[in-house]
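What follows is a single structure, written as structure tokens, with notes after it.
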Amino acid sequence: MVRITGTHTGWPTRVQLTTDGHTPYLTAVEQSFGVDIDYAMLVKLYGTPQGETAERRYSPGECCGAVKTAICGKPDEKHISTSLVERQNLTMRMCMRRFTRLTNGFSRKIENHCCAVALHFMYYNFGRIHKTLRVTPAMEAGIANHMWALEEIASLAN
């Protein structure tokens, strides 16, 4: 999750980033931001649910807790979370079956995969009214003045 904090002249002055415990993120964040970031890792701890045996399963065990670790800068503890990006990933998996495990909806070519992702996000932000906003995210952000029809979105491909 990325959170931009602080404004002195109306422009963000600091980025707060939270990742899971995947080790390559340490190098990637350092190479991308140096020390100009508030960076934290959130590592979730999983275990076997009570009353179950440790059989082979397709999903992880029950979340037993989480460890928040500040890596760089001064990340705000109350904003160390991966929930928003996890929700976005779930939305992507539910809308594009090619991201769901154990299906045959995969792309054989990376170009097709990239186009599917772009199409999903274009529709999600410009062509779909969200219940909580009552408008599209693009309209809420002030970068669109109407809900785009599927024909308008498809015409961008030409």
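We label chains A, B, ... in the order they appear in the structure tokens, count residues from 1 in each chain, and number ligands from 1 in the order shown.
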Which of chain A counts as strand (DSSP E or B) under DSSP, as JSON, numbers by chain please?
-> {"A": [2, 3, 4, 5, 6, 7, 12, 13, 14, 15, 16, 17, 18, 19, 38, 39, 40, 41, 42, 43, 44, 45, 46, 47, 62, 63, 64, 65, 66, 67, 68, 69, 70, 71, 72]}
What's the 9 Å shell around segment 116-128 of chain A, counting only C-alpha atoms, without same-chain residues fewer than 6 positions away, as a list of chain:residue names?
-> A:Met92, A:Cys95, A:Met96, A:Ser107, A:Val135, A:Thr136, A:Pro137, A:Ala138, A:Met139, A:Ala144, A:His146, A:Met147, A:Trp148, A:Ala149, A:Leu150, A:Ile153, A:Ala154
Which residues are near Cys64 of chain A? Cut-off 9 Å, only C-alpha atoms, ignore same chain within fewer than 6 positions. Put them as a PDB file with N, CA, C and O atoms, in the first residue's frame.
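What ended up in result33.pdb:
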ATOM      1  N   LYS A  44       2.539 -11.199   8.036  1.00  0.00           N
ATOM      2  CA  LYS A  44       1.445 -11.906   8.691  1.00  0.00           C
ATOM      3  C   LYS A  44       1.908 -13.294   9.107  1.00  0.00           C
ATOM      4  O   LYS A  44       2.634 -13.959   8.382  1.00  0.00           O
ATOM      5  N   LEU A  45       1.467 -13.715  10.265  1.00  0.00           N
ATOM      6  CA  LEU A  45       1.832 -15.020  10.824  1.00  0.00           C
ATOM      7  C   LEU A  45       0.642 -15.963  10.671  1.00  0.00           C
ATOM      8  O   LEU A  45      -0.477 -15.619  11.060  1.00  0.00           O
ATOM      9  N   TYR A  46       0.889 -17.125  10.092  1.00  0.00           N
ATOM     10  CA  TYR A  46      -0.182 -18.091   9.848  1.00  0.00           C
ATOM     11  C   TYR A  46       0.061 -19.362  10.638  1.00  0.00           C
ATOM     12  O   TYR A  46       1.183 -19.754  10.888  1.00  0.00           O
ATOM     13  N   GLY A  47      -1.035 -20.014  11.013  1.00  0.00           N
ATOM     14  CA  GLY A  47      -0.951 -21.277  11.730  1.00  0.00           C
ATOM     15  C   GLY A  47      -2.129 -22.154  11.360  1.00  0.00           C
ATOM     16  O   GLY A  47      -3.019 -21.762  10.620  1.00  0.00           O
ATOM     17  N   THR A  48      -2.143 -23.336  11.905  1.00  0.00           N
ATOM     18  CA  THR A  48      -3.236 -24.275  11.659  1.00  0.00           C
ATOM     19  C   THR A  48      -4.413 -23.912  12.556  1.00  0.00           C
ATOM     20  O   THR A  48      -4.237 -23.733  13.762  1.00  0.00           O
ATOM     21  N   PRO A  49      -5.627 -23.773  11.993  1.00  0.00           N
ATOM     22  CA  PRO A  49      -6.796 -23.474  12.823  1.00  0.00           C
ATOM     23  C   PRO A  49      -7.011 -24.556  13.876  1.00  0.00           C
ATOM     24  O   PRO A  49      -6.694 -25.718  13.651  1.00  0.00           O
TER      25      PRO A  49
END
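In this comparison, which uses only C-alpha atoms, the residue of A:Arg14, A:Leu26, A:Arg97, A:Gln31 approaching Pro75 of chain A most closely is A:Arg14.
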Picked from segment 102-149 of chain A by DSSP as helix (DSSP H, G or I), as an MDAnalysis selection string | chainID A and resid 110:127 137:141
Best match for closeness to Ile37 of chain A among A:Cys115, A:Ile71, A:Leu90, A:Ala141, counting only C-alpha atoms =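 Using only C-alpha atoms, the shortest distance to Ile37 of chain A belongs to A:Ile71.
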Between atom CA of Ala66 of chain A and atom CA of Ser81 of chain A - distance in Å to one decimal = 10.1 Å
